[in-house]
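Visitor: Submitted below is the structure of interest, expressed as structure tokens.
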Amino acid sequence: MGSLSSRVLRQPRPALAQQAQGARAGGSARRPDTGDDAAGHGFCYCAGSHKRKRSSGSFCYCHPDSETDEDEEEGDEQQRLLNTPRSMFSGSWKESSMNIIELEIPDQNIDVEALQVAFGSLYRDDVLIKPSRVVAILAAACLLQLDGLIQQCGETMKETVNVKTVCGYYTSAGTYGLDSVKKKCLEWLLNNLMTHQNVELFKELSINVMKQLIGSSNLFVMQVEMDIYTALKKWMFLQLVPSWNGSLKQLLTETDVWFSKQRKDFEGMAFLETEQGKPFVSVFRHLRLQYIISDLASARIIEQDAVVPSEWLSSVYKQQWFAMLRAEQDSEVGPQEINKEELEGNSMRCGRKLAKDGEYCWRWTGFNFGFDLLVTYTNRYIIFKRNTLNQPCSGSVSLQPRRSIAFRLRLASFDSSGKLICSRTTGYQILTLEKDQEQVVMNLDSRLLIFPLYICCNFLYISPEKKN
């Protein structure tokens, strides 16, 4: 931010200046005997020192060679304790005679007000930190290495994370080494990116942060993987056209129109293969495309959009075709043990919002290798049912006596700022069901139920193929 000027309020005292000159000449700097400072008591007025009173003798902290025999033992100890301060403050500083001192502070986050708060924290245990000022104060505290104030800034940031502050806090936490604040911001984004989509948030999210979010199995998804792809399209549009100022309802339509125009300019190329699109490749690589092409309507959209290169899709089509053959012809009954790495990296991600208490029953769309899973919420229970013959199903259904799935179910409620109020999880589990069998997977405490209630699940319907 350039230079900061700070006016020195105290004026130089001629008498002290003369005495300091005398001290530098090697004599004992002594004030004229007046009043209580008369003989029998001495004070040090050496440059850069505070006035220090002595009971006897003429020992000077800044000039220990003036000590008397009576004070020799005490002087040795004082010299040992004061050795470092002597080396720092002996002699004169050029700023001691300046009325204005200019400081070059390269950190653009620091301003005069932040420095005032930082210096003021030296004289009190706690200071009032407003969220709008916390980044500037944190920067000043780090400059001055004020650990207590740094910690207080960190706590303030963690308590005030919301849609307006999260991106700025995340960047500042990385700059000033507050890992706990970075973690808190990422947790907030994982919970709110899909559940509370926001135009301004999409504009502020960097490629690096979005890559971490989309690659995480802890992303709180609403609906299915196709909705993550749709959110990424909107985010990429706003990154490329940040001047757009419409509403969230208008965003998808405007995004599709814009990409349609781009297809005409780059006919035969996927958008991610163009110069504009290449910076976003690393983010789209984290999409779990196998759960997009498993639904016919979604597969048609992603082909028509021509955002993702066709080579990406071709390899996934091949992978899923072999997985389907294994399920149909190779006695595949589903996962038999927890493979956390596979679940974290390749599980199906889906979710739903329950606006109020009541009875709900639903299934997530897509081909799931003949396992038609119905999810029911009723009377504070969440129930999984393997539907085979009891309920109509638009796709094929496996008639194997038993089928297994690996899953994790999470519930969460948020306040108006997106802060997590309560949450529960089953952890990763294996569930084996017979035909048309149902199983309670979570029993909820009514005292913890706060609506709207968000449900998010991870599923693996088929075991990973064994490598030769």
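By order in the structure tokens, chains are A, B, ...; within a chain, residues start at 1; ligands start at 1, following the order shown.
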So which residues touch Val134 in chain A within 12 Å, counting only C-alpha atoms, skipping near sequence neighbours fewer than 3 positions away, as a PyMOL selection string?

Guide: chain A and resi 109-111+113-115+117-118+127-131+137-141+149-161+165+168-169+172-173

Visitor: Go ahead and compute the interatomic distance for CA of Glu342 in chain A and CA of Ala231 in chain A, in Å to one decimal.

Guide: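 Calculated distance between CA of Glu342 in chain A and CA of Ala231 in chain A is 24.2 Å.
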
Visitor: What does the distance from CA of Thr175 in chain A to CA of Ser243 in chain A come to in Å, to one decimal?

Guide: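 Computed distance, CA of Thr175 in chain A to CA of Ser243 in chain A, equals 27.2 Å.
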
Visitor: Residues of range 266-376 of chain A that approach range 195-203 of chain A to 10 Å or less, counting only C-alpha atoms: could you list each one with the shortest pair of atoms and its distance in Å to one decimal, rows by chain and increasing residue number, as a Markdown table?

Guide:
| residue | atom | partner | partner_atom | distance |
| --- | --- | --- | --- | --- |
| A:Gly351 | CA | A:Thr195 | CA | 9.4 |
| A:Arg352 | CA | A:Thr195 | CA | 9.2 |
| A:Lys353 | CA | A:Thr195 | CA | 8.3 |

Visitor: Can those selected residues be exported to a file as a compact mmCIF listing (two decimals), in the first residue's frame so that it contains all heavy atoms?

Guide:
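To be explicit, this is the file written out as selection-v7.txt:
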# COMPACT_ATOMS: atom_id res chain seq x y z
N GLY A 351 -28.20 -36.37 -3.41
CA GLY A 351 -28.78 -35.76 -2.21
C GLY A 351 -30.18 -35.25 -2.45
O GLY A 351 -30.69 -35.23 -3.57
N ARG A 352 -30.80 -34.83 -1.36
CA ARG A 352 -32.17 -34.31 -1.43
C ARG A 352 -32.42 -33.38 -0.26
O ARG A 352 -31.87 -33.56 0.83
CB ARG A 352 -33.17 -35.46 -1.40
CG ARG A 352 -34.60 -34.99 -1.22
CD ARG A 352 -35.58 -35.74 -2.03
NE ARG A 352 -36.89 -35.11 -1.96
CZ ARG A 352 -38.01 -35.70 -2.35
NH1 ARG A 352 -37.98 -36.92 -2.82
NH2 ARG A 352 -39.17 -35.06 -2.26
N LYS A 353 -33.27 -32.39 -0.50
CA LYS A 353 -33.69 -31.45 0.54
C LYS A 353 -35.11 -31.78 0.97
O LYS A 353 -36.02 -31.88 0.13
CB LYS A 353 -33.62 -30.02 0.01
CG LYS A 353 -34.18 -28.97 0.97
CD LYS A 353 -34.14 -27.59 0.31
CE LYS A 353 -34.79 -26.52 1.18
NZ LYS A 353 -34.77 -25.19 0.51

Visitor: I'd like the interatomic distance between CA of Asn162 in chain A and CA of Cys422 in chain A, to a tenth of an Å.

Guide: 16.8 Å

Visitor: Excluding range 220-225 of chain A and residues on its chain fewer than 5 positions from it, collect all residues at most 8 Å away from it, counting only C-alpha atoms, and give them as a short mmCIF file (atom, residue, chain, number, x, y, z; two decimals) with N, CA and C atoms, in the first residue's frame.

Guide:
data_model
loop_
_atom_site.label_atom_id
_atom_site.label_comp_id
_atom_site.auth_asym_id
_atom_site.auth_seq_id
_atom_site.Cartn_x
_atom_site.Cartn_y
_atom_site.Cartn_z
N LEU A 190 -17.99 -26.88 1.07
CA LEU A 190 -18.47 -28.23 0.77
C LEU A 190 -19.93 -28.39 1.13
N ASN A 191 -20.35 -27.75 2.21
CA ASN A 191 -21.74 -27.85 2.66
C ASN A 191 -22.69 -26.95 1.87
N ASN A 192 -22.20 -25.83 1.35
CA ASN A 192 -23.10 -24.82 0.79
C ASN A 192 -23.00 -24.60 -0.71
N LEU A 193 -21.94 -25.11 -1.35
CA LEU A 193 -21.79 -24.86 -2.78
C LEU A 193 -23.02 -25.31 -3.57
N MET A 194 -23.52 -26.50 -3.27
CA MET A 194 -24.66 -27.05 -4.00
C MET A 194 -25.99 -26.78 -3.29
N THR A 195 -25.98 -26.73 -1.97
CA THR A 195 -27.24 -26.56 -1.24
C THR A 195 -27.73 -25.12 -1.26
N LEU A 287 -15.14 -34.56 -12.25
CA LEU A 287 -16.51 -35.04 -12.41
C LEU A 287 -16.52 -36.56 -12.51
N ARG A 288 -17.49 -37.18 -11.91
CA ARG A 288 -17.64 -38.64 -11.98
C ARG A 288 -18.61 -38.95 -13.12
N LEU A 289 -18.04 -38.94 -14.32
CA LEU A 289 -18.85 -39.00 -15.54
C LEU A 289 -19.66 -40.29 -15.65
N TYR A 291 -21.58 -41.53 -13.62
CA TYR A 291 -22.91 -41.35 -13.04
C TYR A 291 -23.73 -40.31 -13.79
N ILE A 292 -23.13 -39.71 -14.81
CA ILE A 292 -23.86 -38.80 -15.70
C ILE A 292 -24.37 -39.57 -16.91
N MET A 348 -21.00 -42.91 -6.16
CA MET A 348 -22.08 -42.06 -6.66
C MET A 348 -22.43 -41.04 -5.57
N ARG A 349 -22.57 -39.77 -5.96
CA ARG A 349 -22.90 -38.69 -5.01
C ARG A 349 -24.29 -38.17 -5.33
N CYS A 350 -25.16 -38.15 -4.35
CA CYS A 350 -26.53 -37.68 -4.59
C CYS A 350 -27.12 -37.13 -3.29
N GLY A 351 -28.20 -36.37 -3.41
CA GLY A 351 -28.78 -35.76 -2.21
C GLY A 351 -30.18 -35.25 -2.45
N ARG A 352 -30.80 -34.83 -1.36
CA ARG A 352 -32.17 -34.31 -1.43
C ARG A 352 -32.42 -33.38 -0.26
N LYS A 353 -33.27 -32.39 -0.50
CA LYS A 353 -33.69 -31.45 0.54
C LYS A 353 -35.11 -31.78 0.97
N TRP A 364 -33.12 -42.04 -6.79
CA TRP A 364 -32.28 -41.20 -7.63
C TRP A 364 -32.17 -41.84 -9.02
N THR A 365 -32.23 -41.01 -10.04
CA THR A 365 -32.27 -41.51 -11.41
C THR A 365 -30.94 -42.11 -11.83
N CYS A 456 -27.62 -36.39 2.15
CA CYS A 456 -26.61 -36.64 1.11
C CYS A 456 -26.08 -38.06 1.26
#

Visitor: Nearest to Ala327 in chain A among A:Tyr461, A:Phe259, A:Tyr229, A:Phe271, with distances taken over only C-alpha atoms: which residue is it?

Guide: A:Tyr461

Visitor: Using only C-alpha atoms, can you tell me which of A:Leu238, A:Ile421, A:Val112, A:Leu146 comes closest to Arg133 in chain A?

Guide: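 Ranked by minimum distance to Arg133 in chain A, first place goes to A:Val112.
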
Visitor: Which residues come within 6 Å of range 330-338 of chain A, counting only C-alpha atoms, excluding same-chain residues fewer than 3 positions away, as a compact mmCIF listing (two decimals) with all heavy atoms, in the first residue's frame?

Guide:
# COMPACT_ATOMS: atom_id res chain seq x y z
N ARG A 326 -20.23 -57.46 -16.27
CA ARG A 326 -19.85 -58.17 -15.04
C ARG A 326 -21.06 -58.38 -14.14
O ARG A 326 -21.23 -59.44 -13.53
CB ARG A 326 -18.77 -57.39 -14.28
CG ARG A 326 -17.39 -57.52 -14.89
CD ARG A 326 -16.29 -57.11 -13.92
NE ARG A 326 -16.36 -55.73 -13.48
CZ ARG A 326 -16.60 -55.34 -12.24
NH1 ARG A 326 -16.80 -56.24 -11.29
NH2 ARG A 326 -16.64 -54.07 -11.94
N ALA A 327 -21.90 -57.34 -14.04
CA ALA A 327 -23.09 -57.45 -13.19
C ALA A 327 -24.07 -58.48 -13.72
O ALA A 327 -24.74 -59.19 -12.95
CB ALA A 327 -23.77 -56.09 -13.07
N ARG A 403 -28.27 -58.83 -2.96
CA ARG A 403 -27.40 -57.81 -3.55
C ARG A 403 -26.86 -56.92 -2.43
O ARG A 403 -27.56 -56.65 -1.44
CB ARG A 403 -28.15 -56.96 -4.56
CG ARG A 403 -28.44 -57.66 -5.89
CD ARG A 403 -27.17 -57.86 -6.72
NE ARG A 403 -26.51 -56.62 -7.04
CZ ARG A 403 -26.76 -55.90 -8.13
NH1 ARG A 403 -27.66 -56.30 -9.01
NH2 ARG A 403 -26.08 -54.78 -8.35
N SER A 404 -25.65 -56.46 -2.63
CA SER A 404 -25.01 -55.61 -1.61
C SER A 404 -24.66 -54.25 -2.19
O SER A 404 -24.38 -54.13 -3.40
CB SER A 404 -23.73 -56.28 -1.08
OG SER A 404 -24.02 -57.51 -0.47
N ILE A 405 -24.67 -53.24 -1.34
CA ILE A 405 -24.19 -51.91 -1.70
C ILE A 405 -23.29 -51.39 -0.58
O ILE A 405 -23.47 -51.75 0.59
CB ILE A 405 -25.33 -50.90 -1.94
CG1 ILE A 405 -26.26 -50.81 -0.72
CG2 ILE A 405 -26.09 -51.21 -3.21
CD1 ILE A 405 -27.26 -49.66 -0.79
N TYR A 461 -22.53 -49.46 -6.16
CA TYR A 461 -23.43 -50.57 -6.45
C TYR A 461 -22.69 -51.80 -6.94
O TYR A 461 -23.26 -52.90 -6.96
CB TYR A 461 -24.44 -50.15 -7.52
CG TYR A 461 -25.49 -49.18 -7.02
CD1 TYR A 461 -25.32 -47.81 -7.16
CD2 TYR A 461 -26.65 -49.64 -6.40
CE1 TYR A 461 -26.28 -46.93 -6.70
CE2 TYR A 461 -27.62 -48.77 -5.94
CZ TYR A 461 -27.43 -47.40 -6.09
OH TYR A 461 -28.39 -46.53 -5.63
N ILE A 462 -21.46 -51.64 -7.36
CA ILE A 462 -20.72 -52.75 -7.94
C ILE A 462 -19.27 -52.69 -7.47
O ILE A 462 -18.71 -51.60 -7.26
CB ILE A 462 -20.80 -52.70 -9.48
CG1 ILE A 462 -20.23 -53.98 -10.11
CG2 ILE A 462 -20.11 -51.48 -10.05
CD1 ILE A 462 -20.56 -54.13 -11.58
N SER A 463 -18.67 -53.83 -7.28
CA SER A 463 -17.29 -53.89 -6.81
C SER A 463 -16.35 -53.37 -7.89
O SER A 463 -16.62 -53.54 -9.08
CB SER A 463 -16.89 -55.32 -6.46
OG SER A 463 -17.75 -55.86 -5.49

Visitor: What lies within 9 Å of Tyr377 in chain A using only C-alpha atoms, ignoring chain neighbours under 3 positions off, as a list in words?

Guide: Gly358, Glu359, Tyr360, Cys361, Arg380, Tyr381, Ile382 and Ile383 of chain A

Visitor: Using only C-alpha atoms, determine which residues lie at most 7 Å from Leu409 in chain A, disregarding the query and same-chain residues fewer than 6 positions distant; provide the list as a PyMOL selection string.

Guide: chain A and resi 425-427+456-458

Visitor: Pick out each residue of range 206-269 of chain A that DSSP on the backbone tags as helix (DSSP H, G or I); I need them as a ChimeraX atom specification.

Guide: /A:207-214,225-240,248-265

Visitor: Kindly export the residues of the current selection with C-alpha atoms, as a short mmCIF file (atom, residue, chain, number, x, y, z; two decimals), in the first residue's frame.

Guide:
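Produced file selection-v5.cif, reproduced below:
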data_model
loop_
_atom_site.label_atom_id
_atom_site.label_comp_id
_atom_site.auth_asym_id
_atom_site.auth_seq_id
_atom_site.Cartn_x
_atom_site.Cartn_y
_atom_site.Cartn_z
CA ILE A 207 -10.05 -22.67 -10.03
CA ASN A 208 -7.85 -24.11 -7.28
CA VAL A 209 -10.62 -24.01 -4.66
CA MET A 210 -13.27 -25.37 -7.03
CA LYS A 211 -10.96 -28.26 -7.92
CA GLN A 212 -10.76 -29.24 -4.24
CA LEU A 213 -14.53 -29.03 -3.83
CA ILE A 214 -15.52 -31.04 -6.90
CA GLU A 225 -23.81 -35.88 -10.44
CA MET A 226 -25.42 -34.19 -13.44
CA ASP A 227 -26.29 -31.28 -11.17
CA ILE A 228 -22.62 -30.88 -10.26
CA TYR A 229 -21.82 -30.65 -13.98
CA THR A 230 -24.55 -28.03 -14.41
CA ALA A 231 -23.17 -26.01 -11.48
CA LEU A 232 -19.69 -26.17 -13.03
CA LYS A 233 -21.01 -24.83 -16.33
CA LYS A 234 -22.58 -21.86 -14.54
CA TRP A 235 -19.41 -21.24 -12.54
CA MET A 236 -17.22 -21.37 -15.66
CA PHE A 237 -19.52 -18.95 -17.47
CA LEU A 238 -19.28 -16.44 -14.60
CA GLN A 239 -15.50 -16.82 -14.47
CA LEU A 240 -15.34 -15.92 -18.18
CA LEU A 248 -29.70 -17.26 -10.17
CA LYS A 249 -32.89 -18.28 -11.97
CA GLN A 250 -31.65 -16.67 -15.18
CA LEU A 251 -28.12 -18.04 -14.88
CA LEU A 252 -28.54 -21.49 -16.47
CA THR A 253 -30.39 -20.12 -19.50
CA GLU A 254 -27.76 -17.43 -20.08
CA THR A 255 -25.00 -20.01 -19.62
CA ASP A 256 -26.47 -22.35 -22.24
CA VAL A 257 -26.96 -19.49 -24.72
CA TRP A 258 -23.36 -18.34 -24.27
CA PHE A 259 -21.90 -21.83 -24.75
CA SER A 260 -24.11 -22.36 -27.77
CA LYS A 261 -22.47 -19.33 -29.41
CA GLN A 262 -19.04 -20.66 -28.54
CA ARG A 263 -19.81 -23.99 -30.26
CA LYS A 264 -20.41 -22.14 -33.52
CA ASP A 265 -17.01 -20.45 -33.26
#

Visitor: So, with only C-alpha atoms as the atoms that count, which of A:Ser294, A:Pro452, A:Asn339, A:Gly370 lies closest to Tyr317 in chain A?

Guide: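 Smallest separation from Tyr317 in chain A among the options: A:Ser294.
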
Visitor: Return as an MDAnalysis selection string the full set of residues in range 406-455 of chain A whose backbone-based DSSP assignment is strand (DSSP E).

Guide: chainID A and resid 406:414 420:425 429:434 438:443 453:455

Visitor: Could you turn the residues from that selection into a file that holds N, CA and C atoms, as a JSON list (two decimals), in the first residue's frame?

Guide:
[["chain", "number", "residue", "atom", "x", "y", "z"],
["A", 406, "ALA", "N", -22.35, -50.58, -0.96],
["A", 406, "ALA", "CA", -21.57, -49.81, 0.03],
["A", 406, "ALA", "C", -22.14, -48.40, 0.04],
["A", 407, "PHE", "N", -22.33, -47.83, 1.22],
["A", 407, "PHE", "CA", -22.96, -46.52, 1.28],
["A", 407, "PHE", "C", -22.50, -45.73, 2.49],
["A", 408, "ARG", "N", -22.75, -44.45, 2.40],
["A", 408, "ARG", "CA", -22.64, -43.53, 3.55],
["A", 408, "ARG", "C", -23.78, -42.53, 3.44],
["A", 409, "LEU", "N", -24.48, -42.32, 4.52],
["A", 409, "LEU", "CA", -25.59, -41.36, 4.55],
["A", 409, "LEU", "C", -25.26, -40.25, 5.53],
["A", 410, "ARG", "N", -25.48, -39.01, 5.12],
["A", 410, "ARG", "CA", -25.25, -37.86, 6.00],
["A", 410, "ARG", "C", -26.49, -36.96, 6.03],
["A", 411, "LEU", "N", -26.77, -36.42, 7.19],
["A", 411, "LEU", "CA", -27.86, -35.45, 7.36],
["A", 411, "LEU", "C", -27.27, -34.15, 7.90],
["A", 412, "ALA", "N", -27.87, -33.02, 7.50],
["A", 412, "ALA", "CA", -27.38, -31.73, 8.00],
["A", 412, "ALA", "C", -28.49, -30.70, 7.97],
["A", 413, "SER", "N", -28.41, -29.76, 8.89],
["A", 413, "SER", "CA", -29.26, -28.57, 8.89],
["A", 413, "SER", "C", -28.35, -27.35, 9.01],
["A", 414, "PHE", "N", -28.76, -26.25, 8.36],
["A", 414, "PHE", "CA", -27.94, -25.04, 8.33],
["A", 414, "PHE", "C", -28.77, -23.84, 8.75],
["A", 420, "LEU", "N", -23.33, -24.76, 9.87],
["A", 420, "LEU", "CA", -23.88, -26.06, 10.24],
["A", 420, "LEU", "C", -24.47, -26.00, 11.65],
["A", 421, "ILE", "N", -25.76, -26.38, 11.76],
["A", 421, "ILE", "CA", -26.42, -26.39, 13.07],
["A", 421, "ILE", "C", -26.31, -27.77, 13.71],
["A", 422, "CYS", "N", -26.66, -28.79, 12.93],
["A", 422, "CYS", "CA", -26.54, -30.16, 13.44],
["A", 422, "CYS", "C", -26.28, -31.09, 12.27],
["A", 423, "SER", "N", -25.68, -32.23, 12.55],
["A", 423, "SER", "CA", -25.37, -33.20, 11.49],
["A", 423, "SER", "C", -25.26, -34.59, 12.09],
["A", 424, "ARG", "N", -25.49, -35.58, 11.23],
["A", 424, "ARG", "CA", -25.31, -36.98, 11.61],
["A", 424, "ARG", "C", -24.81, -37.75, 10.40],
["A", 425, "THR", "N", -24.12, -38.83, 10.64],
["A", 425, "THR", "CA", -23.63, -39.67, 9.54],
["A", 425, "THR", "C", -23.62, -41.13, 9.96],
["A", 429, "GLN", "N", -20.66, -48.07, 5.21],
["A", 429, "GLN", "CA", -21.18, -49.37, 5.61],
["A", 429, "GLN", "C", -21.44, -50.24, 4.39],
["A", 430, "ILE", "N", -21.52, -51.54, 4.61],
["A", 430, "ILE", "CA", -21.99, -52.49, 3.60],
["A", 430, "ILE", "C", -23.38, -52.95, 4.01],
["A", 431, "LEU", "N", -24.33, -52.88, 3.07],
["A", 431, "LEU", "CA", -25.70, -53.31, 3.34],
["A", 431, "LEU", "C", -26.08, -54.38, 2.32],
["A", 432, "THR", "N", -26.49, -55.55, 2.82],
["A", 432, "THR", "CA", -26.93, -56.65, 1.95],
["A", 432, "THR", "C", -28.43, -56.84, 2.12],
["A", 433, "LEU", "N", -29.16, -56.82, 0.99],
["A", 433, "LEU", "CA", -30.62, -56.93, 1.02],
["A", 433, "LEU", "C", -31.10, -58.03, 0.10],
["A", 434, "GLU", "N", -32.12, -58.75, 0.57],
["A", 434, "GLU", "CA", -32.79, -59.71, -0.27],
["A", 434, "GLU", "C", -33.83, -58.99, -1.12],
["A", 438, "GLU", "N", -36.36, -54.33, 3.14],
["A", 438, "GLU", "CA", -36.03, -52.95, 3.54],
["A", 438, "GLU", "C", -35.31, -52.96, 4.87],
["A", 439, "GLN", "N", -34.55, -51.88, 5.10],
["A", 439, "GLN", "CA", -33.73, -51.81, 6.31],
["A", 439, "GLN", "C", -33.66, -50.37, 6.79],
["A", 440, "VAL", "N", -33.90, -50.16, 8.09],
["A", 440, "VAL", "CA", -33.72, -48.83, 8.68],
["A", 440, "VAL", "C", -32.23, -48.54, 8.77],
["A", 441, "VAL", "N", -31.80, -47.44, 8.18],
["A", 441, "VAL", "CA", -30.36, -47.11, 8.21],
["A", 441, "VAL", "C", -30.06, -45.96, 9.15],
["A", 442, "MET", "N", -31.10, -45.21, 9.57],
["A", 442, "MET", "CA", -30.87, -44.14, 10.55],
["A", 442, "MET", "C", -32.16, -43.84, 11.30],
["A", 443, "ASN", "N", -32.05, -43.74, 12.62],
["A", 443, "ASN", "CA", -33.15, -43.36, 13.49],
["A", 443, "ASN", "C", -32.82, -42.01, 14.09],
["A", 453, "LEU", "N", -34.16, -30.07, 6.09],
["A", 453, "LEU", "CA", -33.18, -31.11, 6.38],
["A", 453, "LEU", "C", -32.55, -31.55, 5.07],
["A", 454, "TYR", "N", -31.24, -31.60, 5.05],
["A", 454, "TYR", "CA", -30.52, -31.99, 3.83],
["A", 454, "TYR", "C", -29.95, -33.40, 4.00],
["A", 455, "ILE", "N", -30.21, -34.25, 3.01],
["A", 455, "ILE", "CA", -29.74, -35.63, 3.03],
["A", 455, "ILE", "C", -28.76, -35.82, 1.87]]
